[in-house]
Structures are given as structure tokens and as C-alpha cells.
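The structure file target_30.txt is reproduced below (compact mmCIF, C-alpha atoms and all ligand atoms).
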```
# COMPACT_ATOMS: atom_id res chain seq x y z
CA MET A 1083 0.00 0.00 0.00
CA ARG A 1084 1.19 3.48 -0.84
CA PRO A 1085 2.65 5.04 2.33
CA ALA A 1086 1.06 8.51 1.91
CA HIS A 1087 -1.29 9.39 4.80
CA ALA A 1088 -2.94 12.26 6.57
CA VAL A 1089 -2.81 11.52 10.29
CA ILE A 1090 -5.56 13.41 12.16
CA ASP A 1091 -4.92 14.03 15.86
CA LEU A 1092 -8.37 14.33 17.44
CA SER A 1093 -7.01 15.23 20.87
CA ALA A 1094 -5.32 18.26 19.28
CA LEU A 1095 -8.69 19.19 17.74
CA ARG A 1096 -10.33 19.03 21.17
CA HIS A 1097 -7.51 21.08 22.67
CA ASN A 1098 -7.94 23.82 20.07
CA TYR A 1099 -11.73 23.91 20.54
CA THR A 1100 -11.36 24.20 24.31
CA TYR A 1101 -8.82 26.96 23.81
CA ALA A 1102 -11.29 28.97 21.67
CA LYS A 1103 -13.85 28.65 24.46
CA GLN A 1104 -11.32 29.67 27.12
CA LEU A 1105 -10.26 32.78 25.20
CA THR A 1106 -13.82 33.98 24.68
CA GLN A 1107 -15.94 32.54 27.50
CA ALA A 1108 -18.55 32.11 24.76
CA LYS A 1109 -20.52 29.33 23.18
CA ALA A 1110 -18.67 28.08 20.12
CA LEU A 1111 -19.87 26.60 16.85
CA ALA A 1112 -17.04 24.42 15.53
CA VAL A 1113 -16.82 25.25 11.81
CA VAL A 1114 -16.65 21.93 9.93
CA LYS A 1115 -17.56 23.11 6.42
CA ALA A 1116 -15.65 21.71 3.43
CA ASP A 1117 -15.35 18.31 5.15
CA ALA A 1118 -13.85 19.99 8.22
CA TYR A 1119 -11.21 21.80 6.17
CA GLY A 1120 -10.14 18.45 4.71
CA HIS A 1121 -10.02 16.63 8.09
CA GLY A 1122 -13.31 14.69 7.73
CA ALA A 1123 -16.46 16.41 9.03
CA VAL A 1124 -18.17 13.38 10.58
CA ARG A 1125 -15.11 12.13 12.48
CA CYS A 1126 -14.25 15.63 13.68
CA ALA A 1127 -17.82 16.35 14.82
CA GLN A 1128 -17.96 12.99 16.62
CA ALA A 1129 -14.66 13.78 18.34
CA LEU A 1130 -16.03 17.12 19.52
CA ALA A 1131 -18.75 15.58 21.65
CA GLN A 1132 -18.56 18.55 24.02
CA ALA A 1133 -19.10 21.16 21.28
CA ASP A 1134 -21.98 23.62 21.65
CA GLY A 1135 -22.73 23.16 17.96
CA PHE A 1136 -21.33 23.04 14.45
CA ALA A 1137 -21.33 25.28 11.40
CA VAL A 1138 -21.26 24.12 7.78
CA ALA A 1139 -21.73 26.00 4.52
CA PHE A 1140 -24.96 24.45 3.22
CA LEU A 1141 -27.75 21.94 3.81
CA GLU A 1142 -26.14 18.83 2.28
CA GLU A 1143 -23.15 19.24 4.60
CA ALA A 1144 -25.51 19.48 7.58
CA LEU A 1145 -27.53 16.42 6.54
CA GLU A 1146 -24.32 14.37 6.38
CA LEU A 1147 -23.72 15.18 10.05
CA ARG A 1148 -27.32 14.42 11.05
CA ALA A 1149 -27.16 11.09 9.15
CA ALA A 1150 -24.07 10.24 11.23
CA GLY A 1151 -26.01 10.85 14.43
CA ILE A 1152 -24.75 14.34 15.35
CA LYS A 1153 -27.36 15.85 17.67
CA GLN A 1154 -26.01 19.32 18.46
CA PRO A 1155 -27.19 22.48 16.69
CA ILE A 1156 -25.87 22.91 13.13
CA LEU A 1157 -25.79 26.30 11.39
CA LEU A 1158 -25.82 26.83 7.60
CA LEU A 1159 -23.35 29.70 7.15
CA GLU A 1160 -24.36 30.27 3.53
CA GLY A 1161 -28.05 29.88 4.32
CA PHE A 1162 -30.51 28.24 1.95
CA PHE A 1163 -30.67 28.67 -1.83
CA GLN A 1164 -34.32 27.80 -2.52
CA PRO A 1165 -37.48 28.07 -0.37
CA SER A 1166 -37.95 24.30 -0.81
CA GLU A 1167 -34.95 23.65 1.49
CA LEU A 1168 -36.84 25.05 4.47
CA ALA A 1169 -38.84 21.85 4.97
CA LEU A 1170 -35.67 19.79 5.56
CA ILE A 1171 -34.12 22.58 7.64
CA ALA A 1172 -37.13 22.38 9.97
CA GLU A 1173 -37.37 18.60 9.90
CA TYR A 1174 -33.70 18.15 10.88
CA ASP A 1175 -33.74 21.07 13.31
CA ILE A 1176 -31.01 23.02 11.54
CA TRP A 1177 -30.23 26.71 11.99
CA THR A 1178 -29.85 28.87 8.93
CA ALA A 1179 -28.18 32.16 8.10
CA VAL A 1180 -30.63 34.67 6.62
CA HIS A 1181 -28.92 37.22 4.43
CA SER A 1182 -31.42 38.38 1.78
CA ALA A 1183 -34.90 39.85 1.53
CA TRP A 1184 -36.25 36.94 -0.54
CA GLN A 1185 -35.34 34.62 2.33
CA LEU A 1186 -37.46 36.64 4.78
CA GLU A 1187 -40.33 36.26 2.39
CA ALA A 1188 -39.72 32.52 2.00
CA ILE A 1189 -39.64 32.02 5.78
CA ALA A 1190 -42.83 34.05 6.25
CA GLN A 1191 -44.69 32.04 3.58
CA ALA A 1192 -43.43 28.57 4.53
CA ASN A 1193 -45.55 25.90 6.11
CA LEU A 1194 -43.07 24.21 8.48
CA SER A 1195 -43.23 21.23 10.82
CA ARG A 1196 -41.64 23.39 13.51
CA PRO A 1197 -40.13 26.88 13.81
CA ILE A 1198 -36.46 27.27 12.87
CA GLY A 1199 -33.44 29.10 14.34
CA CYS A 1200 -32.28 32.05 12.22
CA TRP A 1201 -28.91 33.82 12.23
CA LEU A 1202 -29.62 37.21 10.72
CA LYS A 1203 -26.60 38.36 8.80
CA MET A 1204 -25.54 41.99 8.58
CA ASP A 1205 -23.11 43.34 6.01
CA SER A 1206 -21.04 45.44 8.40
CA GLY A 1207 -18.35 46.17 5.82
CA MET A 1208 -17.14 43.00 4.13
CA HIS A 1209 -19.64 43.57 1.29
CA ARG A 1210 -20.15 39.93 0.49
CA MET A 1211 -23.50 38.88 2.00
CA GLY A 1212 -26.01 40.25 4.48
CA PHE A 1213 -28.49 43.05 5.06
CA SER A 1214 -27.17 46.58 5.05
CA PRO A 1215 -27.13 48.32 8.45
CA ALA A 1216 -30.08 50.48 7.31
CA GLN A 1217 -32.22 47.40 6.44
CA TYR A 1218 -31.21 45.39 9.47
CA ALA A 1219 -33.80 46.32 12.12
CA ALA A 1220 -36.65 45.85 9.65
CA ALA A 1221 -35.30 42.42 8.69
CA TRP A 1222 -35.15 41.52 12.38
CA GLN A 1223 -38.77 42.65 12.83
CA ALA A 1224 -39.84 40.47 9.91
CA LEU A 1225 -38.25 37.39 11.51
CA ASN A 1226 -39.39 38.27 15.00
CA CYS A 1227 -43.06 38.45 14.04
CA SER A 1228 -43.03 35.16 12.11
CA SER A 1229 -44.34 32.06 13.86
CA ASN A 1230 -41.90 30.07 11.71
CA VAL A 1231 -38.93 31.53 13.64
CA ALA A 1232 -37.88 29.92 16.92
CA SER A 1233 -34.88 32.13 17.77
CA ILE A 1234 -32.70 34.85 16.26
CA VAL A 1235 -28.94 35.43 16.53
CA LEU A 1236 -27.42 38.64 15.16
CA MET A 1237 -24.45 37.74 12.98
CA THR A 1238 -21.81 39.54 10.99
CA HIS A 1239 -18.49 38.45 9.48
CA LEU A 1240 -15.08 40.13 9.74
CA SER A 1241 -13.13 40.79 6.56
CA GLN A 1242 -9.75 41.87 7.91
CA ALA A 1243 -9.38 40.57 11.45
CA ASP A 1244 -6.17 38.81 10.40
CA GLU A 1245 -4.54 42.21 9.78
CA LEU A 1246 -3.87 43.56 13.23
CA ASP A 1247 -2.82 47.05 12.17
CA GLN A 1248 -5.91 47.73 10.03
CA PRO A 1249 -8.88 49.79 11.37
CA ARG A 1250 -11.48 47.69 9.52
CA THR A 1251 -12.38 45.41 12.42
CA GLU A 1252 -13.06 48.35 14.78
CA GLU A 1253 -15.13 49.99 12.05
CA GLN A 1254 -17.16 46.82 11.56
CA LEU A 1255 -17.74 46.62 15.32
CA ILE A 1256 -19.06 50.19 15.45
CA THR A 1257 -21.33 49.61 12.44
CA PHE A 1258 -22.64 46.33 13.88
CA ASN A 1259 -23.29 47.80 17.33
CA GLN A 1260 -25.09 50.84 15.97
CA ALA A 1261 -27.34 48.89 13.65
CA ARG A 1262 -28.33 46.31 16.29
CA GLN A 1263 -29.20 48.83 18.99
CA GLY A 1264 -32.40 47.85 20.75
CA LEU A 1265 -32.54 44.36 19.23
CA PRO A 1266 -32.68 41.92 22.13
CA SER A 1267 -30.91 38.93 20.50
CA ALA A 1268 -27.61 37.13 21.04
CA VAL A 1269 -24.67 38.19 18.85
CA SER A 1270 -21.90 36.45 16.86
CA MET A 1271 -19.06 38.10 14.98
CA ARG A 1272 -15.80 36.33 15.75
CA ASN A 1273 -14.08 33.88 13.37
CA SER A 1274 -10.60 32.53 14.23
CA PRO A 1275 -8.65 35.80 13.92
CA GLY A 1276 -11.45 37.57 15.80
CA ILE A 1277 -11.18 35.02 18.61
CA LEU A 1278 -7.38 35.08 18.79
CA ALA A 1279 -6.63 38.78 18.41
CA TRP A 1280 -9.71 40.92 19.12
CA PRO A 1281 -10.81 40.34 22.74
CA GLU A 1282 -13.01 43.46 22.75
CA LEU A 1283 -15.51 42.04 20.25
CA PRO A 1284 -18.86 40.92 21.70
CA SER A 1285 -19.45 37.20 21.66
CA ASP A 1286 -22.39 35.21 22.83
CA TRP A 1287 -21.45 32.79 20.06
CA VAL A 1288 -18.06 32.45 18.31
CA ARG A 1289 -17.30 30.59 15.07
CA PRO A 1290 -13.78 29.12 15.13
CA GLY A 1291 -12.65 27.44 11.90
CA ILE A 1292 -8.99 27.32 10.93
CA MET A 1293 -7.77 27.60 14.54
CA LEU A 1294 -9.53 24.32 15.40
CA TYR A 1295 -7.20 22.61 12.97
CA GLY A 1296 -4.16 24.17 14.59
CA CYS A 1297 -3.30 26.64 11.85
CA SER A 1298 -2.93 30.37 12.19
CA PRO A 1299 -5.03 32.91 10.30
CA PHE A 1300 -2.22 35.46 10.60
CA GLU A 1301 0.65 36.04 8.23
CA GLN A 1302 2.94 37.15 11.03
CA GLU A 1303 3.59 35.32 14.28
CA GLN A 1304 0.92 36.03 16.87
CA ALA A 1305 1.15 35.10 20.54
CA GLN A 1306 -2.32 33.57 20.95
CA ALA A 1307 -1.95 31.45 17.82
CA GLN A 1308 1.18 29.80 19.23
CA GLN A 1309 -0.97 27.83 21.70
CA LEU A 1310 -2.65 25.94 18.85
CA ILE A 1311 -1.68 22.33 18.11
CA PRO A 1312 -1.63 21.19 14.44
CA VAL A 1313 -4.24 18.49 13.85
CA MET A 1314 -3.21 17.13 10.45
CA SER A 1315 0.17 15.58 9.69
CA LEU A 1316 0.70 14.85 6.02
CA THR A 1317 3.24 12.06 5.90
CA SER A 1318 4.76 9.60 3.47
CA LYS A 1319 7.97 7.63 2.95
CA ILE A 1320 11.12 7.64 0.85
CA ILE A 1321 10.51 5.24 -2.06
CA GLY A 1322 13.73 5.87 -4.00
CA VAL A 1323 17.27 7.07 -3.28
CA ARG A 1324 19.96 8.10 -5.76
CA GLU A 1325 23.40 9.72 -5.55
CA LEU A 1326 23.91 12.43 -8.12
CA ALA A 1327 27.14 14.15 -9.11
CA ALA A 1328 27.35 17.93 -9.22
CA GLY A 1329 25.59 19.54 -12.21
CA GLU A 1330 22.77 16.99 -12.64
CA PRO A 1331 19.13 18.11 -13.16
CA VAL A 1332 16.32 16.81 -10.91
CA GLY A 1333 12.70 16.42 -12.05
CA TYR A 1334 10.51 17.98 -14.75
CA GLY A 1335 11.95 20.95 -16.54
CA ALA A 1336 15.40 20.54 -14.95
CA ARG A 1337 14.42 23.28 -12.54
CA TYR A 1338 17.04 22.18 -10.01
CA ILE A 1339 20.65 21.44 -10.85
CA THR A 1340 22.70 19.77 -8.12
CA PRO A 1341 25.32 22.32 -6.96
CA GLU A 1342 27.53 19.54 -5.58
CA SER A 1343 27.26 15.78 -5.22
CA THR A 1344 23.81 15.24 -3.72
CA ARG A 1345 21.85 12.39 -2.20
CA VAL A 1346 18.29 12.65 -3.53
CA GLY A 1347 15.24 10.99 -1.97
CA ILE A 1348 11.98 10.43 -3.85
CA VAL A 1349 8.80 10.74 -1.75
CA ALA A 1350 5.39 9.24 -2.57
CA MET A 1351 3.46 12.52 -2.49
CA GLY A 1352 2.52 14.91 -5.26
CA TYR A 1353 0.14 17.61 -6.35
CA ALA A 1354 -2.62 15.05 -7.02
CA ASP A 1355 -2.60 14.48 -3.25
CA GLY A 1356 -2.94 18.19 -2.56
CA TYR A 1357 0.69 19.04 -1.99
CA PRO A 1358 1.07 22.39 -3.81
CA ARG A 1359 2.94 22.35 -7.09
CA GLN A 1360 3.80 26.01 -6.45
CA ALA A 1361 6.19 24.96 -3.66
CA GLU A 1362 9.62 25.49 -5.16
CA SER A 1363 13.08 24.11 -4.36
CA GLY A 1364 13.96 25.11 -0.82
CA THR A 1365 10.52 24.49 0.70
CA PRO A 1366 11.10 22.74 4.06
CA VAL A 1367 10.32 19.07 4.61
CA ALA A 1368 11.22 16.75 7.51
CA VAL A 1369 12.90 13.39 6.90
CA CYS A 1370 13.53 11.13 9.91
CA GLY A 1371 12.54 14.11 12.05
CA GLN A 1372 15.26 16.31 10.54
CA LEU A 1373 14.67 19.41 8.46
CA THR A 1374 15.71 19.43 4.84
CA LYS A 1375 14.22 20.76 1.59
CA ILE A 1376 12.22 19.94 -1.52
CA ILE A 1377 14.27 20.04 -4.73
CA GLY A 1378 12.98 20.36 -8.30
CA ARG A 1379 9.36 20.50 -9.40
CA VAL A 1380 6.63 18.67 -7.51
CA SER A 1381 5.13 16.02 -9.83
CA MET A 1382 1.66 14.51 -9.73
CA ASP A 1383 2.51 11.51 -7.53
CA MET A 1384 6.06 12.18 -6.32
CA LEU A 1385 8.47 14.84 -5.22
CA ALA A 1386 12.22 14.95 -4.56
CA VAL A 1387 14.01 15.95 -1.36
CA ASP A 1388 17.63 16.63 -0.50
CA LEU A 1389 18.91 13.80 1.72
CA THR A 1390 22.47 15.13 1.92
CA PRO A 1391 21.96 16.60 5.45
CA VAL A 1392 20.06 13.50 6.70
CA ALA A 1393 22.74 10.83 6.82
CA GLN A 1394 20.51 8.12 8.32
CA ALA A 1395 17.78 8.53 5.66
CA GLN A 1396 17.17 5.47 3.48
CA LEU A 1397 14.43 3.64 1.62
CA GLY A 1398 11.35 3.61 3.84
CA SER A 1399 12.34 6.61 5.98
CA GLU A 1400 9.46 8.69 7.34
CA VAL A 1401 8.74 12.04 5.70
CA GLU A 1402 6.53 14.81 7.08
CA LEU A 1403 5.30 17.25 4.44
CA TRP A 1404 3.42 19.31 7.02
CA GLY A 1405 2.24 18.72 10.55
CA LYS A 1406 3.82 19.19 13.96
CA GLN A 1407 7.41 19.71 12.72
CA ILE A 1408 6.60 21.96 9.77
CA SER A 1409 3.36 23.89 9.94
CA ALA A 1410 0.91 23.89 7.03
CA ASP A 1411 1.17 27.69 7.33
CA ARG A 1412 4.87 27.49 6.44
CA ILE A 1413 4.14 25.41 3.33
CA ALA A 1414 1.27 27.73 2.39
CA GLN A 1415 3.66 30.67 2.56
CA ALA A 1416 6.12 28.84 0.28
CA ALA A 1417 3.29 28.17 -2.18
CA ASN A 1418 1.94 31.73 -2.04
CA THR A 1419 -1.40 30.65 -0.56
CA ILE A 1420 -3.02 30.11 2.86
CA SER A 1421 -3.22 26.98 4.99
CA TYR A 1422 -7.03 26.96 4.54
CA GLN A 1423 -6.58 26.14 0.85
CA LEU A 1424 -3.91 23.48 1.40
CA LEU A 1425 -6.03 21.65 3.97
CA CYS A 1426 -9.23 21.82 1.88
CA ASN A 1427 -7.35 20.62 -1.22
CA LEU A 1428 -6.20 17.38 0.38
CA LYS A 1429 -7.33 14.44 -1.73
CA ARG A 1430 -6.52 10.83 -2.58
CA VAL A 1431 -4.55 10.45 0.65
CA PRO A 1432 -6.19 8.13 3.21
CA ARG A 1433 -6.86 9.72 6.59
CA HIS A 1434 -5.93 7.92 9.81
CA TYR A 1435 -7.41 9.09 13.08
CA ILE A 1436 -5.73 8.97 16.46
CA ASP A 1437 -7.68 9.81 19.58
C1 LIG A 1501 -15.71 29.91 7.30
C2 LIG A 1501 -16.40 30.86 8.23
C3 LIG A 1501 -15.96 30.99 9.55
C4 LIG A 1501 -14.68 30.37 10.08
O1 LIG A 1501 -13.60 31.15 9.64
P1 LIG A 1501 -12.09 30.86 10.14
O2 LIG A 1501 -11.32 32.01 9.61
O3 LIG A 1501 -11.69 29.57 9.52
O4 LIG A 1501 -12.15 30.79 11.61
C5 LIG A 1501 -16.71 31.79 10.41
N1 LIG A 1501 -17.82 32.45 9.96
C6 LIG A 1501 -18.24 32.36 8.68
C7 LIG A 1501 -19.46 33.11 8.25
C8 LIG A 1501 -17.54 31.57 7.78
O5 LIG A 1501 -17.96 31.50 6.50
```
Could you spell out this file's structure in C-alpha cells?
Amino acid sequence: MRPAHAVIDLSALRHNYTYAKQLTQAKALAVVKADAYGHGAVRCAQALAQADGFAVAFLEEALELRAAGIKQPILLLEGFFQPSELALIAEYDIWTAVHSAWQLEAIAQANLSRPIGCWLKMDSGMHRMGFSPAQYAAAWQALNCSSNVASIVLMTHLSQADELDQPRTEEQLITFNQARQGLPSAVSMRNSPGILAWPELPSDWVRPGIMLYGCSPFEQEQAQAQQLIPVMSLTSKIIGVRELAAGEPVGYGARYITPESTRVGIVAMGYADGYPRQAESGTPVAVCGQLTKIIGRVSMDMLAVDLTPVAQAQLGSEVELWGKQISADRIAQAANTISYQLLCNLKRVPRHYID
């Protein structure tokens, strides 16, 4: 069997969830959209038995959790797309974001088996989804007077909380607070960077995503993010070793030429597994627990590493592409992307869970 694996440390996941709760003293919806950022939504939700609830993007993701026996509240962050979804939302007792006028109308007109929980979304400055501050109180009134609505949470989303020197988050807070004045409902605005770096934001409910998986939403080092434990370790083994003289090319396009005699290891991992092809020579990798680097272009199923500094490395040696020795954030930086995308792009690699 091919030795490429993603090892998922569920105790690290629980640690990170508990940490989000400690920082905020709030109720927390564990965000498990996109198959829990590539970690497996059902297994992660089952491991978070103590969670106050979960958040996914859309109804099919929520139904997968209900089918697996998850009983806690589940919120649809992207809401519903057609009025016909409301019947299942009610039947499976799912909460939905409400971001548009047509949805208010659909909820008012629906004939539901029971009233549903609504998270009323305000566009406080991200300009992606939600009611404008001027429309917000009227939208709240429309939900509040409907017998189809069981509860309302006031929600907004932060667009720049990962940039600590930008005024946007404070501006969003002021906009949100002004527009919700007099509305007696619980509030939710904090995603991972909001939880880690903006303690002044109100939070009855918080919505941690990337931090649960032990990655940082910040480009720079940030003290609070250092307490997180990486959940996924992407590992494989050395399946080939060769000694090359100085001046020899390695891999497609001869993008790396050995500067001196070099011991090259071939690893069973490539871009078809989700390892980014954009990672160039020099990207860190750990072999036998020791740091070395990727050399040459990443291929579909394999990549090459420099074994010269790892004398004990041989056929079958353990390789960590990212995980506890090298953070996914570090690889994301090398590939000019964010850890969110690397984790979500994982594919073909079997996941192994440890408790
Ligand atoms: C994805 C998402 C989150 C979680 O964001 P992280 O940055 O991963 O913590 C929170 N709220 C909403 C509305 C989202 O779409």
C-alpha cells in the first residue's frame, strides 16, 4: 500500500476547541464546512462531543452530520438557496443564516413542521452577504413576528481581522453595534482571527474554523496562535534514493541542478494528493525528524528531497510534508497561498485518526 497518509490528531482538535472557548468565554460553533477543512467532518464532529454546535456551509453538509447521528445544533453559514430547502431545515432542526430579503419572504410564507433558528446576517463592511445596516432592524422585525422563527442570533463576518494594524475590524464593530441597537438577540461576529486577536468584540457565540485545525489565520507570528496544536500531519515515505554528481538536473523541466554531489530521496506525495505544485526548491520538509528541503518541481505523484543533510535517511524513511514539525502555514507561505486552501485541497490520501 502506498505510504502517503494524513494523520488526524483528534485530541489536538479538542484542545484547540477548548482553547477557543477559554479565550472567549462564549458558546462556540465548531466550523466543519468543506469536510472539516479536509479533516473529515463526521469524524471531527464525533470527536467534539462537548461542542456547543457546528457550522457548515450548506444543507447537504448538515444532513451528512445528522445522518451520522450528530445531535447538536448545526448552522448553515451560507443559508438556503431555494425556499424548498426550508422543509428539511425544519425537519432536521437546523439553523440557517438569513442574508437576503427573498429569504425573509420565504420564511414568512413557509408551512413548516416546527419553527427554525435564524442567524440574521448583517453586512457590516465586508460587502459579500447580508443586510445593510439600514435594512437590518426591519429584517429583524420580519423574523421576529413570524411564527416560523424559533430564535434569532445577530451575525456579521469580519473581513480583515487577520490584519492587526488595520482599522477595519473596529469599524465593523461600530457599524454592527449601531445597527443592532435595541434588538434583544444574542450576537456572533468572531471567526478565528477575531477570537485570537480581538478580545473586545462581543461574543455570545463564536465561530472558530482554521484555529480548530491548529493553523494560524495570521501572516505574522501572533502570541495567541502559538498555543494551537496542528491536527493534520501529512506524511509519506522515501521510495527511492539516488546519488547524483554535481551539475545533474532533478525532475521535470530541470528546474534544479545539483550544486555539488547530492543524495536525492523520492517521496510518494505529489500535487494530485494536494501538496502544492507552487512549492519550489527550498521548501522545508522533515525526513527522519530532521529538516531538509524539496528540490525540483513537484510532480503529480512524487516529489524529490535533498537527503544530503540527513545521513541516516534510506528507503522507507518517514517524511513529514506538514504537521507538527513543519506547519501547514509554512508550506502555504512557500506556495503563495493560505493553509485553509492546502487543507481543503487534500485528496486521494487516506486519513488515519488517532484519539
Ligand atoms: C468559514 C467561516 C468561519 C470560520 O472562519 P475561520 O477564519 O476559519 O475561523 C466563520 N464564519 C463564517 C461566516 C464563515 O464563512
Q: State, in Å with one decimal place, the distance from CA of Lys1153 (chain A) to CA of Gly1199 (chain A).
A: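 Calculated distance between CA of Lys1153 (chain A) and CA of Gly1199 (chain A) is 15.0 Å.
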Throw together the list of residues within 7 Å of ligand LIG 1501 (chain A), counting only C-alpha atoms and all ligand atoms, and drop it here as a CSV table (one decimal) with C-alpha atoms, keeping the file's coordinate frame.
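As a result, selection-v3.csv now contains:
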```csv
chain,number,residue,atom,x,y,z
A,1113,VAL,CA,-16.8,25.2,11.8
A,1139,ALA,CA,-21.7,26.0,4.5
A,1159,LEU,CA,-23.4,29.7,7.2
A,1239,HIS,CA,-18.5,38.4,9.5
A,1273,ASN,CA,-14.1,33.9,13.4
A,1274,SER,CA,-10.6,32.5,14.2
A,1275,PRO,CA,-8.6,35.8,13.9
A,1289,ARG,CA,-17.3,30.6,15.1
A,1290,PRO,CA,-13.8,29.1,15.1
A,1291,GLY,CA,-12.6,27.4,11.9
A,1292,ILE,CA,-9.0,27.3,10.9
A,1293,MET,CA,-7.8,27.6,14.5
A,1299,PRO,CA,-5.0,32.9,10.3
```
Q | Which of A:His1121, A:Ile1377, A:Gln1309, A:His1209 sits closest to Pro1341 (chain A) [using only C-alpha atoms] | A | A:Ile1377
Q: Kindly indicate which residue among A:His1097, A:His1087, A:Arg1196, A:Arg1250 lies nearest to Met1314 (chain A), using all atoms listed in the file for the distances.
A: A:His1087
Q: Tell me, as a PyMOL selection string, which residues lie within 9 Å of Gly1151 (chain A), counting only C-alpha atoms; anything in the same chain fewer than 4 positions away does not count.
A: chain A and resi 1128+1146-1147
**Q.** Local residues around (-39.2, 34.6, 1.9), at most 12 Å away, using all atoms listed in the file, as a ChimeraX atom specification
**A.** /A:1162-1168,1180-1193,1221,1224-1225,1228,1230
Q | Contacts of Ala1169 (chain A) within 8 Å, all atoms listed in the file, excl. fewer than 4 positions in-chain, as JSON, numbers by chain | A | {"A": [1173, 1193, 1194, 1195]}
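Take CA of Gln1396 (chain A) and CA of Ile1311 (chain A): the distance between them is 29.2 Å.
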Q | Point (6.0, 13.0, -9.4), cut-off 9 Å, counting all atoms listed in the file, residues as a list in words | A |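 Output of the proximity query reads Gly1333, Tyr1334, Ile1348, Val1349, Ala1350, Met1351, Gly1352, Tyr1353, Arg1379, Val1380, Ser1381, Met1382, Asp1383, Met1384, Leu1385 and Ala1386 of chain A.
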Per-axis box centre and lengths in Å around region 1388-1397 of chain A, 3 Å margin per side, axis-aligned, as JSON:
```
{"center_x": 18.6, "center_y": 10.1, "center_z": 3.9, "size_x": 14.3, "size_y": 19.0, "size_z": 14.8}
```
Mind rebuilding region 1353-1368 of chain A with N, CA, C and O atoms and writing that out as a JSON list (two decimals), keeping the file's coordinate frame?
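The new file out-v8.json reads:
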```json
[["chain", "number", "residue", "atom", "x", "y", "z"],
["A", 1353, "TYR", "N", 1.22, 16.62, -6.34],
["A", 1353, "TYR", "CA", 0.14, 17.61, -6.35],
["A", 1353, "TYR", "C", -1.23, 16.97, -6.49],
["A", 1353, "TYR", "O", -2.24, 17.57, -6.11],
["A", 1354, "ALA", "N", -1.31, 15.73, -6.98],
["A", 1354, "ALA", "CA", -2.62, 15.05, -7.02],
["A", 1354, "ALA", "C", -3.10, 14.68, -5.62],
["A", 1354, "ALA", "O", -4.27, 14.37, -5.42],
["A", 1355, "ASP", "N", -2.22, 14.73, -4.65],
["A", 1355, "ASP", "CA", -2.60, 14.48, -3.25],
["A", 1355, "ASP", "C", -2.96, 15.77, -2.54],
["A", 1355, "ASP", "O", -3.43, 15.74, -1.41],
["A", 1356, "GLY", "N", -2.67, 16.89, -3.18],
["A", 1356, "GLY", "CA", -2.94, 18.19, -2.56],
["A", 1356, "GLY", "C", -1.70, 18.92, -2.11],
["A", 1356, "GLY", "O", -1.79, 20.04, -1.61],
["A", 1357, "TYR", "N", -0.53, 18.30, -2.29],
["A", 1357, "TYR", "CA", 0.69, 19.04, -1.99],
["A", 1357, "TYR", "C", 0.87, 20.08, -3.10],
["A", 1357, "TYR", "O", 0.78, 19.75, -4.28],
["A", 1358, "PRO", "N", 1.12, 21.36, -2.77],
["A", 1358, "PRO", "CA", 1.07, 22.39, -3.81],
["A", 1358, "PRO", "C", 2.24, 22.34, -4.79],
["A", 1358, "PRO", "O", 3.40, 22.32, -4.37],
["A", 1359, "ARG", "N", 1.91, 22.33, -6.06],
["A", 1359, "ARG", "CA", 2.94, 22.35, -7.09],
["A", 1359, "ARG", "C", 3.74, 23.65, -7.06],
["A", 1359, "ARG", "O", 4.88, 23.70, -7.52],
["A", 1360, "GLN", "N", 3.12, 24.71, -6.51],
["A", 1360, "GLN", "CA", 3.80, 26.01, -6.45],
["A", 1360, "GLN", "C", 4.98, 26.01, -5.47],
["A", 1360, "GLN", "O", 5.79, 26.94, -5.50],
["A", 1361, "ALA", "N", 5.07, 25.01, -4.60],
["A", 1361, "ALA", "CA", 6.19, 24.96, -3.66],
["A", 1361, "ALA", "C", 7.48, 24.69, -4.43],
["A", 1361, "ALA", "O", 7.60, 23.67, -5.11],
["A", 1362, "GLU", "N", 8.41, 25.61, -4.35],
["A", 1362, "GLU", "CA", 9.62, 25.49, -5.16],
["A", 1362, "GLU", "C", 10.76, 24.87, -4.36],
["A", 1362, "GLU", "O", 10.64, 24.65, -3.15],
["A", 1363, "SER", "N", 11.87, 24.61, -5.03],
["A", 1363, "SER", "CA", 13.08, 24.11, -4.36],
["A", 1363, "SER", "C", 13.37, 24.99, -3.15],
["A", 1363, "SER", "O", 13.31, 26.21, -3.25],
["A", 1364, "GLY", "N", 13.68, 24.35, -2.03],
["A", 1364, "GLY", "CA", 13.96, 25.11, -0.82],
["A", 1364, "GLY", "C", 12.83, 25.04, 0.19],
["A", 1364, "GLY", "O", 13.03, 25.33, 1.37],
["A", 1365, "THR", "N", 11.65, 24.64, -0.23],
["A", 1365, "THR", "CA", 10.52, 24.49, 0.70],
["A", 1365, "THR", "C", 10.88, 23.43, 1.75],
["A", 1365, "THR", "O", 11.35, 22.34, 1.39],
["A", 1366, "PRO", "N", 10.67, 23.70, 3.04],
["A", 1366, "PRO", "CA", 11.10, 22.74, 4.06],
["A", 1366, "PRO", "C", 10.27, 21.45, 4.07],
["A", 1366, "PRO", "O", 9.10, 21.45, 3.72],
["A", 1367, "VAL", "N", 10.94, 20.38, 4.47],
["A", 1367, "VAL", "CA", 10.32, 19.07, 4.61],
["A", 1367, "VAL", "C", 11.12, 18.37, 5.71],
["A", 1367, "VAL", "O", 12.29, 18.71, 5.92],
["A", 1368, "ALA", "N", 10.49, 17.46, 6.45],
["A", 1368, "ALA", "CA", 11.22, 16.75, 7.51],
["A", 1368, "ALA", "C", 11.38, 15.28, 7.12],
["A", 1368, "ALA", "O", 10.42, 14.62, 6.76]]
```
